[in-house]
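One file, query-v2.pdb, is given below (PDB, C-alpha atoms, pLDDT in the B column).
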ATOM      1  CA  MET I   1      28.621  -8.154  13.991  1.00 66.00           C
ATOM      2  CA  LYS I   2      27.813 -11.868  14.194  1.00 73.00           C
ATOM      3  CA  ALA I   3      25.560 -13.358  11.530  1.00 81.00           C
ATOM      4  CA  ILE I   4      21.929 -13.359  12.588  1.00 89.00           C
ATOM      5  CA  SER I   5      20.043 -16.656  12.582  1.00 93.00           C
ATOM      6  CA  GLY I   6      16.850 -17.992  14.053  1.00 95.00           C
ATOM      7  CA  ALA I   7      18.866 -19.313  16.975  1.00 96.00           C
ATOM      8  CA  THR I   8      20.113 -15.830  17.905  1.00 97.00           C
ATOM      9  CA  PRO I   9      18.887 -15.028  21.443  1.00 97.00           C
ATOM     10  CA  LEU I  10      16.652 -11.965  21.626  1.00 98.00           C
ATOM     11  CA  ALA I  11      18.867 -10.719  24.445  1.00 97.00           C
ATOM     12  CA  ALA I  12      21.831 -10.778  22.044  1.00 96.00           C
ATOM     13  CA  LEU I  13      20.002  -9.533  18.943  1.00 97.00           C
ATOM     14  CA  GLU I  14      21.389  -6.700  16.865  1.00 97.00           C
ATOM     15  CA  ALA I  15      18.336  -4.822  15.636  1.00 98.00           C
ATOM     16  CA  VAL I  16      17.073  -1.468  14.427  1.00 98.00           C
ATOM     17  CA  ALA I  17      13.714  -0.119  15.559  1.00 98.00           C
ATOM     18  CA  ILE I  18      12.079   1.694  12.665  1.00 98.00           C
ATOM     19  CA  ASP I  19       9.227   4.110  12.124  1.00 98.00           C
ATOM     20  CA  THR I  20       7.914   6.145   9.213  1.00 98.00           C
ATOM     21  CA  GLU I  21       5.670   9.160   8.868  1.00 98.00           C
ATOM     22  CA  THR I  22       3.642   9.263   5.674  1.00 98.00           C
ATOM     23  CA  THR I  23       1.165  11.224   3.585  1.00 98.00           C
ATOM     24  CA  GLY I  24      -1.634   8.794   4.493  1.00 97.00           C
ATOM     25  CA  LEU I  25      -2.585   5.365   5.802  1.00 95.00           C
ATOM     26  CA  ASP I  26      -3.310   3.579   2.509  1.00 96.00           C
ATOM     27  CA  THR I  27      -0.150   1.567   1.857  1.00 95.00           C
ATOM     28  CA  ALA I  28      -0.851   1.528  -1.872  1.00 94.00           C
ATOM     29  CA  ASN I  29      -0.670   5.303  -2.128  1.00 95.00           C
ATOM     30  CA  ALA I  30       1.086   6.605   1.009  1.00 97.00           C
ATOM     31  CA  ARG I  31       4.392   8.369   0.500  1.00 98.00           C
ATOM     32  CA  ILE I  32       7.083   8.531   3.156  1.00 98.00           C
ATOM     33  CA  VAL I  33       7.921  11.967   4.532  1.00 98.00           C
ATOM     34  CA  GLN I  34      10.143  10.876   7.439  1.00 98.00           C
ATOM     35  CA  LEU I  35      12.168   7.727   8.096  1.00 98.00           C
ATOM     36  CA  ALA I  36      13.933   6.999  11.379  1.00 98.00           C
ATOM     37  CA  GLY I  37      15.691   4.156  13.153  1.00 98.00           C
ATOM     38  CA  VAL I  38      17.331   3.454  16.511  1.00 98.00           C
ATOM     39  CA  ALA I  39      19.720   0.603  17.258  1.00 98.00           C
ATOM     40  CA  VAL I  40      19.054  -2.095  19.829  1.00 98.00           C
ATOM     41  CA  SER I  41      22.162  -4.042  20.807  1.00 96.00           C
ATOM     42  CA  LEU I  42      22.415  -6.910  23.273  1.00 94.00           C
ATOM     43  CA  GLY I  43      19.034  -6.123  24.776  1.00 92.00           C
ATOM     44  CA  ARG I  44      19.730  -2.415  25.242  1.00 96.00           C
ATOM     45  CA  VAL I  45      18.754   0.650  23.248  1.00 98.00           C
ATOM     46  CA  ASP I  46      21.823   2.351  21.783  1.00 97.00           C
ATOM     47  CA  VAL I  47      20.795   5.994  21.464  1.00 95.00           C
ATOM     48  CA  GLU I  48      24.204   6.827  19.997  1.00 96.00           C
ATOM     49  CA  GLN I  49      23.195   4.879  16.874  1.00 98.00           C
ATOM     50  CA  ARG I  50      20.270   6.758  15.413  1.00 98.00           C
ATOM     51  CA  PHE I  51      19.060   7.563  11.922  1.00 98.00           C
ATOM     52  CA  ASP I  52      16.547  10.258  11.059  1.00 98.00           C
ATOM     53  CA  THR I  53      15.740  11.986   7.790  1.00 98.00           C
ATOM     54  CA  LEU I  54      12.885  13.856   6.234  1.00 98.00           C
ATOM     55  CA  VAL I  55      11.942  12.633   2.763  1.00 98.00           C
ATOM     56  CA  ASP I  56      10.585  14.634  -0.156  1.00 98.00           C
ATOM     57  CA  PRO I  57       7.514  12.680  -1.320  1.00 97.00           C
ATOM     58  CA  ARG I  58       7.430  14.612  -4.601  1.00 96.00           C
ATOM     59  CA  GLU I  59       3.749  15.380  -4.053  1.00 97.00           C
ATOM     60  CA  ALA I  60       1.721  17.633  -1.784  1.00 97.00           C
ATOM     61  CA  ILE I  61       1.352  16.493   1.831  1.00 98.00           C
ATOM     62  CA  PRO I  62      -2.325  16.527   2.856  1.00 97.00           C
ATOM     63  CA  SER I  63      -3.127  18.967   5.641  1.00 97.00           C
ATOM     64  CA  SER I  64      -4.847  16.143   7.533  1.00 97.00           C
ATOM     65  CA  SER I  65      -1.535  14.278   7.679  1.00 97.00           C
ATOM     66  CA  THR I  66       0.428  17.395   8.621  1.00 97.00           C
ATOM     67  CA  ALA I  67      -1.995  17.846  11.533  1.00 97.00           C
ATOM     68  CA  ILE I  68      -0.786  14.506  12.924  1.00 96.00           C
ATOM     69  CA  HIS I  69       2.982  14.555  12.373  1.00 97.00           C
ATOM     70  CA  GLY I  70       3.630  18.256  11.840  1.00 97.00           C
ATOM     71  CA  ILE I  71       5.511  17.786   8.557  1.00 98.00           C
ATOM     72  CA  ASP I  72       4.385  20.132   5.781  1.00 98.00           C
ATOM     73  CA  ASN I  73       5.516  20.818   2.229  1.00 98.00           C
ATOM     74  CA  ALA I  74       7.994  23.491   3.306  1.00 98.00           C
ATOM     75  CA  ALA I  75       9.680  21.090   5.742  1.00 98.00           C
ATOM     76  CA  VAL I  76      10.563  18.573   3.016  1.00 98.00           C
ATOM     77  CA  ARG I  77      11.459  21.067   0.282  1.00 96.00           C
ATOM     78  CA  ASN I  78      15.202  20.375   0.566  1.00 97.00           C
ATOM     79  CA  ALA I  79      14.936  16.798   1.846  1.00 98.00           C
ATOM     80  CA  PRO I  80      16.306  13.862  -0.157  1.00 98.00           C
ATOM     81  CA  ALA I  81      14.071  11.814  -2.408  1.00 98.00           C
ATOM     82  CA  PHE I  82      13.114   8.334  -1.241  1.00 98.00           C
ATOM     83  CA  GLY I  83      15.860   6.555  -3.179  1.00 97.00           C
ATOM     84  CA  GLU I  84      18.630   8.487  -1.453  1.00 98.00           C
ATOM     85  CA  ALA I  85      16.932   8.207   1.939  1.00 98.00           C
ATOM     86  CA  LEU I  86      16.611   4.428   1.558  1.00 98.00           C
ATOM     87  CA  ARG I  87      20.239   4.081   0.475  1.00 97.00           C
ATOM     88  CA  ARG I  88      21.373   5.921   3.590  1.00 98.00           C
ATOM     89  CA  PHE I  89      19.030   3.944   5.831  1.00 98.00           C
ATOM     90  CA  GLN I  90      20.170   0.600   4.431  1.00 97.00           C
ATOM     91  CA  ALA I  91      23.774   1.596   5.101  1.00 98.00           C
ATOM     92  CA  PHE I  92      22.817   2.461   8.684  1.00 98.00           C
ATOM     93  CA  ARG I  93      20.801  -0.722   9.151  1.00 97.00           C
ATOM     94  CA  ALA I  94      23.671  -2.906   7.903  1.00 96.00           C
ATOM     95  CA  GLY I  95      21.595  -6.085   7.711  1.00 94.00           C
ATOM     96  CA  ARG I  96      20.219  -5.913  11.243  1.00 97.00           C
ATOM     97  CA  VAL I  97      16.740  -7.207  12.087  1.00 98.00           C
ATOM     98  CA  LEU I  98      14.043  -4.541  12.007  1.00 98.00           C
ATOM     99  CA  VAL I  99      11.581  -4.083  14.847  1.00 98.00           C
ATOM    100  CA  GLY I 100       8.673  -1.695  15.110  1.00 98.00           C
ATOM    101  CA  HIS I 101       5.119  -1.136  16.251  1.00 97.00           C
ATOM    102  CA  SER I 102       2.704  -2.432  13.589  1.00 95.00           C
ATOM    103  CA  ILE I 103       5.807  -2.772  11.442  1.00 96.00           C
ATOM    104  CA  GLY I 104       3.833  -4.411   8.655  1.00 95.00           C
ATOM    105  CA  PHE I 105       2.578  -0.961   7.670  1.00 96.00           C
ATOM    106  CA  ASP I 106       6.081   0.514   7.496  1.00 97.00           C
ATOM    107  CA  LEU I 107       7.408  -2.436   5.492  1.00 97.00           C
ATOM    108  CA  ALA I 108       4.497  -2.275   3.056  1.00 97.00           C
ATOM    109  CA  VAL I 109       5.042   1.441   2.445  1.00 98.00           C
ATOM    110  CA  LEU I 110       8.800   0.942   2.060  1.00 98.00           C
ATOM    111  CA  ALA I 111       8.215  -1.857  -0.457  1.00 98.00           C
ATOM    112  CA  ARG I 112       5.789   0.289  -2.457  1.00 98.00           C
ATOM    113  CA  GLU I 113       8.158   3.252  -2.433  1.00 98.00           C
ATOM    114  CA  ALA I 114      11.026   1.037  -3.561  1.00 98.00           C
ATOM    115  CA  ASP I 115       8.874  -0.261  -6.401  1.00 97.00           C
ATOM    116  CA  ARG I 116       8.057   3.293  -7.500  1.00 96.00           C
ATOM    117  CA  ALA I 117      11.744   4.199  -7.420  1.00 96.00           C
ATOM    118  CA  ARG I 118      12.642   0.957  -9.238  1.00 97.00           C
ATOM    119  CA  ILE I 119      14.910  -0.090  -6.405  1.00 96.00           C
ATOM    120  CA  PRO I 120      15.274  -3.825  -5.690  1.00 95.00           C
ATOM    121  CA  TRP I 121      13.543  -4.657  -2.403  1.00 95.00           C
ATOM    122  CA  ARG I 122      13.783  -7.750  -0.295  1.00 95.00           C
ATOM    123  CA  LYS I 123      11.553  -7.933   2.756  1.00 95.00           C
ATOM    124  CA  PRO I 124      13.845  -7.824   5.794  1.00 96.00           C
ATOM    125  CA  ARG I 125      13.606 -10.049   8.823  1.00 96.00           C
ATOM    126  CA  SER I 126      11.431  -8.225  11.318  1.00 97.00           C
ATOM    127  CA  LEU I 127       9.519  -8.352  14.601  1.00 97.00           C
ATOM    128  CA  CYS I 128       6.377  -6.452  15.562  1.00 97.00           C
ATOM    129  CA  VAL I 129       6.317  -5.152  19.141  1.00 97.00           C
ATOM    130  CA  ARG I 130       2.549  -4.775  18.942  1.00 96.00           C
ATOM    131  CA  LEU I 131       2.177  -8.525  18.395  1.00 96.00           C
ATOM    132  CA  LEU I 132       4.886  -9.402  20.905  1.00 97.00           C
ATOM    133  CA  GLY I 133       3.153  -7.217  23.475  1.00 96.00           C
ATOM    134  CA  GLU I 134      -0.093  -9.104  22.926  1.00 95.00           C
ATOM    135  CA  VAL I 135       1.742 -12.427  23.256  1.00 94.00           C
ATOM    136  CA  VAL I 136       3.190 -11.351  26.607  1.00 95.00           C
ATOM    137  CA  ASN I 137       0.122  -9.587  27.990  1.00 95.00           C
ATOM    138  CA  PRO I 138      -3.087 -10.591  26.191  1.00 92.00           C
ATOM    139  CA  ARG I 139      -5.114  -8.826  28.897  1.00 92.00           C
ATOM    140  CA  LEU I 140      -4.057  -5.357  27.773  1.00 91.00           C
ATOM    141  CA  PRO I 141      -7.177  -3.511  26.575  1.00 90.00           C
ATOM    142  CA  GLU I 142      -5.253  -2.473  23.472  1.00 90.00           C
ATOM    143  CA  GLU I 143      -1.783  -2.818  21.993  1.00 89.00           C
ATOM    144  CA  SER I 144      -1.240   0.766  20.840  1.00 95.00           C
ATOM    145  CA  LEU I 145       2.221   2.269  21.187  1.00 96.00           C
ATOM    146  CA  ASP I 146       0.933   4.409  24.042  1.00 96.00           C
ATOM    147  CA  ALA I 147      -0.674   1.471  25.867  1.00 96.00           C
ATOM    148  CA  LEU I 148       2.423  -0.706  25.601  1.00 97.00           C
ATOM    149  CA  ALA I 149       4.648   2.164  26.695  1.00 97.00           C
ATOM    150  CA  GLY I 150       2.434   2.876  29.693  1.00 96.00           C
ATOM    151  CA  TRP I 151       2.370  -0.759  30.779  1.00 96.00           C
ATOM    152  CA  LEU I 152       6.147  -1.147  30.456  1.00 97.00           C
ATOM    153  CA  GLY I 153       7.034   2.217  31.981  1.00 96.00           C
ATOM    154  CA  VAL I 154       8.430   3.671  28.750  1.00 97.00           C
ATOM    155  CA  THR I 155       8.171   7.434  28.283  1.00 96.00           C
ATOM    156  CA  ILE I 156       7.495   8.532  24.715  1.00 95.00           C
ATOM    157  CA  HIS I 157       9.199  11.731  23.607  1.00 94.00           C
ATOM    158  CA  GLY I 158       8.076  13.144  20.267  1.00 93.00           C
ATOM    159  CA  ARG I 159       4.922  11.109  19.661  1.00 95.00           C
ATOM    160  CA  HIS I 160       3.935  10.955  15.975  1.00 93.00           C
ATOM    161  CA  THR I 161       7.436  11.769  14.823  1.00 97.00           C
ATOM    162  CA  ALA I 162       9.365   8.933  13.206  1.00 98.00           C
ATOM    163  CA  ALA I 163      12.336   9.536  15.513  1.00 97.00           C
ATOM    164  CA  GLY I 164      10.221   9.606  18.678  1.00 98.00           C
ATOM    165  CA  ASP I 165       8.120   6.577  17.780  1.00 98.00           C
ATOM    166  CA  ALA I 166      11.158   4.570  16.644  1.00 98.00           C
ATOM    167  CA  LEU I 167      12.864   5.258  19.972  1.00 98.00           C
ATOM    168  CA  ALA I 168       9.701   4.233  21.837  1.00 98.00           C
ATOM    169  CA  ALA I 169       9.500   1.010  19.810  1.00 98.00           C
ATOM    170  CA  ALA I 170      13.151   0.293  20.597  1.00 98.00           C
ATOM    171  CA  GLU I 171      12.607   0.778  24.336  1.00 98.00           C
ATOM    172  CA  ILE I 172       9.423  -1.291  24.275  1.00 98.00           C
ATOM    173  CA  PHE I 173      11.218  -4.129  22.497  1.00 98.00           C
ATOM    174  CA  ALA I 174      14.079  -4.076  24.999  1.00 98.00           C
ATOM    175  CA  ALA I 175      11.560  -4.101  27.867  1.00 98.00           C
ATOM    176  CA  LEU I 176       9.636  -7.012  26.314  1.00 98.00           C
ATOM    177  CA  VAL I 177      12.674  -9.302  25.992  1.00 98.00           C
ATOM    178  CA  PRO I 178      12.689 -10.509  29.634  1.00 97.00           C
ATOM    179  CA  HIS I 179       8.889 -10.878  29.583  1.00 97.00           C
ATOM    180  CA  LEU I 180       9.165 -12.994  26.443  1.00 98.00           C
ATOM    181  CA  ALA I 181      11.866 -15.130  28.062  1.00 97.00           C
ATOM    182  CA  GLY I 182       9.474 -15.736  30.937  1.00 96.00           C
ATOM    183  CA  ARG I 183       7.077 -17.241  28.415  1.00 95.00           C
ATOM    184  CA  GLY I 184       9.755 -19.439  26.879  1.00 97.00           C
ATOM    185  CA  ILE I 185      10.351 -17.165  23.884  1.00 98.00           C
ATOM    186  CA  ARG I 186      14.084 -16.592  23.905  1.00 98.00           C
ATOM    187  CA  THR I 187      15.284 -16.651  20.293  1.00 98.00           C
ATOM    188  CA  LEU I 188      14.542 -14.752  17.114  1.00 98.00           C
ATOM    189  CA  ALA I 189      12.883 -17.799  15.539  1.00 98.00           C
ATOM    190  CA  GLU I 190      10.689 -18.343  18.592  1.00 98.00           C
ATOM    191  CA  ALA I 191       9.591 -14.709  18.525  1.00 98.00           C
ATOM    192  CA  GLU I 192       8.864 -14.926  14.788  1.00 97.00           C
ATOM    193  CA  ARG I 193       6.767 -18.062  15.305  1.00 95.00           C
ATOM    194  CA  ALA I 194       4.853 -16.422  18.151  1.00 95.00           C
ATOM    195  CA  CYS I 195       4.028 -13.441  15.921  1.00 92.00           C
ATOM    196  CA  LEU I 196       2.954 -15.671  13.043  1.00 91.00           C
ATOM    197  CA  ALA I 197       0.764 -17.795  15.311  1.00 88.00           C
ATOM    198  CA  LEU I 198      -0.954 -14.715  16.740  1.00 85.00           C
ATOM    199  CA  THR I 199      -1.454 -13.237  13.266  1.00 81.00           C
ATOM    200  CA  ALA I 200      -3.055 -16.487  12.119  1.00 71.00           C
ATOM    201  CA  ARG I 201      -5.408 -16.532  15.110  1.00 62.00           C
ATOM    202  CA  LEU I 202      -6.416 -12.914  14.524  1.00 58.00           C
ATOM    203  CA  GLU I 203      -7.089 -13.601  10.847  1.00 56.00           C
ATOM    204  CA  ASP I 204      -9.174 -16.675  11.721  1.00 57.00           C
ATOM    205  CA  ALA I 205     -11.296 -14.521  14.015  1.00 47.00           C
ATOM    206  CA  TYR I 206     -12.537 -12.420  11.072  1.00 41.00           C
TER     207      TYR I 206
END
Take the structure from the file and write it as structure tokens.
Amino acid sequence: MKAISGATPLAALEAVAIDTETTGLDTANARIVQLAGVAVSLGRVDVEQRFDTLVDPREAIPSSSTAIHGIDNAAVRNAPAFGEALRRFQAFRAGRVLVGHSIGFDLAVLAREADRARIPWRKPRSLCVRLLGEVVNPRLPEESLDALAGWLGVTIHGRHTAAGDALAAAEIFAALVPHLAGRGIRTLAEAERACLALTARLEDAY
């Protein structure tokens, strides 16, 4: 795999779409119960390269969370702890850029989990398909995973599972690449700048 730089074209990017399922939505306290990733290579989703594992959060999973993702305490009883799950995921990722829908949440939870497990963590290079979708089509009424998928003709299988949502994020990213090129956003650095600029505008609005 060629070294990734800001000049790497999005159409040639080696990436992994990621998603997590957790015990809650507060990044300070949420524990990961499922971690999944799907490879995106040269602008195409590579379904042969997939990662998916349940994770034992070492605490009770709230029933309100189970109602969303279907993962209960019995399901994770024999699952690996976070440290082992992260080690396996990092081996799968192999330094590739991460992409995801509202990926800031996933990265924040991963960082907090790594801190709890006393595992060194360095924030990876990443792109958020939610932000990229808004850059490409600011007229969408919302930028939810479902809305982006519907607009781009992506079918989501296994909604609210890490594996299903990661695959949807991968397909959405691949579908966005030509739309981004049409707006002059062709490289990783250009996509990163577009996301940062949109984030700054959203923050200024509050």
For stretch 186-193 of chain I: contacts at 12 Å, all atoms listed in the file, fewer than 2 positions along chain excluded, given as a ChimeraX atom specification: /I:4-15,43,97-99,125-129,131-133,135-136,173,176-184,195-200
Selected by the PyMOL selection byres ((chain I and resi 68-84) around 10) in the shown coordinates: which residues, as JSON, numbers by chain? {"I": [21, 22, 23, 31, 32, 33, 34, 35, 53, 54, 55, 56, 57, 58, 59, 60, 61, 62, 63, 64, 65, 66, 67, 85, 86, 87, 88, 89, 90, 110, 113, 114, 116, 117, 118, 119, 158, 159, 160, 161, 162]}
Can you tell me how far atom CA of I:Ala39 sits from atom CA of I:Gly153, in Å to one decimal? 19.5 Å
Using the chain letters and numbering of this document, enumerate as a ChimeraX atom specification the residues selected by the PyMOL selection byres ((chain I and resi 165) around 12). /I:17-21,34-38,52,69,99-103,129,144-146,149,154-164,166-172
With C-alpha atoms retained, could you export that selection as an mmCIF file, in the coordinates of the input?
data_model
loop_
_atom_site.group_PDB
_atom_site.id
_atom_site.type_symbol
_atom_site.label_atom_id
_atom_site.label_comp_id
_atom_site.auth_asym_id
_atom_site.auth_seq_id
_atom_site.Cartn_x
_atom_site.Cartn_y
_atom_site.Cartn_z
ATOM 1 C CA ALA I 17 13.714 -0.119 15.559
ATOM 2 C CA ILE I 18 12.079 1.694 12.665
ATOM 3 C CA ASP I 19 9.227 4.110 12.124
ATOM 4 C CA THR I 20 7.914 6.145 9.213
ATOM 5 C CA GLU I 21 5.670 9.160 8.868
ATOM 6 C CA GLN I 34 10.143 10.876 7.439
ATOM 7 C CA LEU I 35 12.168 7.727 8.096
ATOM 8 C CA ALA I 36 13.933 6.999 11.379
ATOM 9 C CA GLY I 37 15.691 4.156 13.153
ATOM 10 C CA VAL I 38 17.331 3.454 16.511
ATOM 11 C CA ASP I 52 16.547 10.258 11.059
ATOM 12 C CA HIS I 69 2.982 14.555 12.373
ATOM 13 C CA VAL I 99 11.581 -4.083 14.847
ATOM 14 C CA GLY I 100 8.673 -1.695 15.110
ATOM 15 C CA HIS I 101 5.119 -1.136 16.251
ATOM 16 C CA SER I 102 2.704 -2.432 13.589
ATOM 17 C CA ILE I 103 5.807 -2.772 11.442
ATOM 18 C CA VAL I 129 6.317 -5.152 19.141
ATOM 19 C CA SER I 144 -1.240 0.766 20.840
ATOM 20 C CA LEU I 145 2.221 2.269 21.187
ATOM 21 C CA ASP I 146 0.933 4.409 24.042
ATOM 22 C CA ALA I 149 4.648 2.164 26.695
ATOM 23 C CA VAL I 154 8.430 3.671 28.750
ATOM 24 C CA THR I 155 8.171 7.434 28.283
ATOM 25 C CA ILE I 156 7.495 8.532 24.715
ATOM 26 C CA HIS I 157 9.199 11.731 23.607
ATOM 27 C CA GLY I 158 8.076 13.144 20.267
ATOM 28 C CA ARG I 159 4.922 11.109 19.661
ATOM 29 C CA HIS I 160 3.935 10.955 15.975
ATOM 30 C CA THR I 161 7.436 11.769 14.823
ATOM 31 C CA ALA I 162 9.365 8.933 13.206
ATOM 32 C CA ALA I 163 12.336 9.536 15.513
ATOM 33 C CA GLY I 164 10.221 9.606 18.678
ATOM 34 C CA ALA I 166 11.158 4.570 16.644
ATOM 35 C CA LEU I 167 12.864 5.258 19.972
ATOM 36 C CA ALA I 168 9.701 4.233 21.837
ATOM 37 C CA ALA I 169 9.500 1.010 19.810
ATOM 38 C CA ALA I 170 13.151 0.293 20.597
ATOM 39 C CA GLU I 171 12.607 0.778 24.336
ATOM 40 C CA ILE I 172 9.423 -1.291 24.275
#
Can you tell me how far atom CA of I:Arg139 sits from atom CA of I:Ala194, in Å to one decimal?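 Pair atom CA of I:Arg139 / atom CA of I:Ala194 returns 16.5 Å.
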Point-to-point distance in Å for atom CA of I:Arg96 and atom CA of I:Leu140: 29.4 Å
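Closest approach to I:Asn137 from the set I:Trp121, I:Phe51, I:Phe92, I:Trp151 is made by I:Trp151, with distances taken over only C-alpha atoms.
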Got a minute to add all heavy atoms to stretch 5-13 of chain I and dump it as a short mmCIF file (atom, residue, chain, number, x, y, z; two decimals), in the frame of the given file?
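The resulting file, selection-v1.cif, is reproduced below:
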data_model
loop_
_atom_site.label_atom_id
_atom_site.label_comp_id
_atom_site.auth_asym_id
_atom_site.auth_seq_id
_atom_site.Cartn_x
_atom_site.Cartn_y
_atom_site.Cartn_z
N SER I 5 20.79 -15.46 12.96
CA SER I 5 20.04 -16.66 12.58
C SER I 5 18.85 -16.79 13.50
O SER I 5 18.69 -16.05 14.48
CB SER I 5 20.93 -17.90 12.69
OG SER I 5 21.15 -18.23 14.05
N GLY I 6 18.00 -17.76 13.21
CA GLY I 6 16.85 -17.99 14.05
C GLY I 6 17.22 -18.35 15.47
O GLY I 6 16.44 -18.13 16.40
N ALA I 7 18.42 -18.91 15.65
CA ALA I 7 18.87 -19.31 16.98
C ALA I 7 19.44 -18.16 17.79
O ALA I 7 19.75 -18.33 18.97
CB ALA I 7 19.92 -20.42 16.84
N THR I 8 19.57 -16.98 17.18
CA THR I 8 20.11 -15.83 17.90
C THR I 8 19.21 -15.47 19.07
O THR I 8 18.01 -15.24 18.89
CB THR I 8 20.24 -14.61 16.98
OG1 THR I 8 21.09 -14.93 15.88
CG2 THR I 8 20.81 -13.42 17.75
N PRO I 9 19.72 -15.42 20.29
CA PRO I 9 18.89 -15.03 21.44
C PRO I 9 18.40 -13.59 21.28
O PRO I 9 19.14 -12.72 20.81
CB PRO I 9 19.84 -15.16 22.64
CG PRO I 9 20.93 -16.08 22.17
CD PRO I 9 21.09 -15.80 20.71
N LEU I 10 17.17 -13.33 21.68
CA LEU I 10 16.65 -11.96 21.63
C LEU I 10 17.51 -11.03 22.46
O LEU I 10 17.69 -9.86 22.11
CB LEU I 10 15.21 -11.93 22.12
CG LEU I 10 14.17 -12.66 21.25
CD1 LEU I 10 12.80 -12.61 21.91
CD2 LEU I 10 14.11 -12.08 19.85
N ALA I 11 18.04 -11.54 23.57
CA ALA I 11 18.87 -10.72 24.44
C ALA I 11 20.21 -10.37 23.82
O ALA I 11 20.92 -9.50 24.32
CB ALA I 11 19.09 -11.43 25.78
N ALA I 12 20.56 -11.05 22.72
CA ALA I 12 21.83 -10.78 22.04
C ALA I 12 21.60 -10.25 20.63
O ALA I 12 22.55 -10.09 19.87
CB ALA I 12 22.68 -12.05 21.98
N LEU I 13 20.35 -9.93 20.30
CA LEU I 13 20.00 -9.53 18.94
C LEU I 13 20.51 -8.14 18.61
O LEU I 13 20.43 -7.22 19.42
CB LEU I 13 18.48 -9.57 18.78
CG LEU I 13 17.92 -9.42 17.37
CD1 LEU I 13 18.32 -10.60 16.50
CD2 LEU I 13 16.40 -9.29 17.43
#
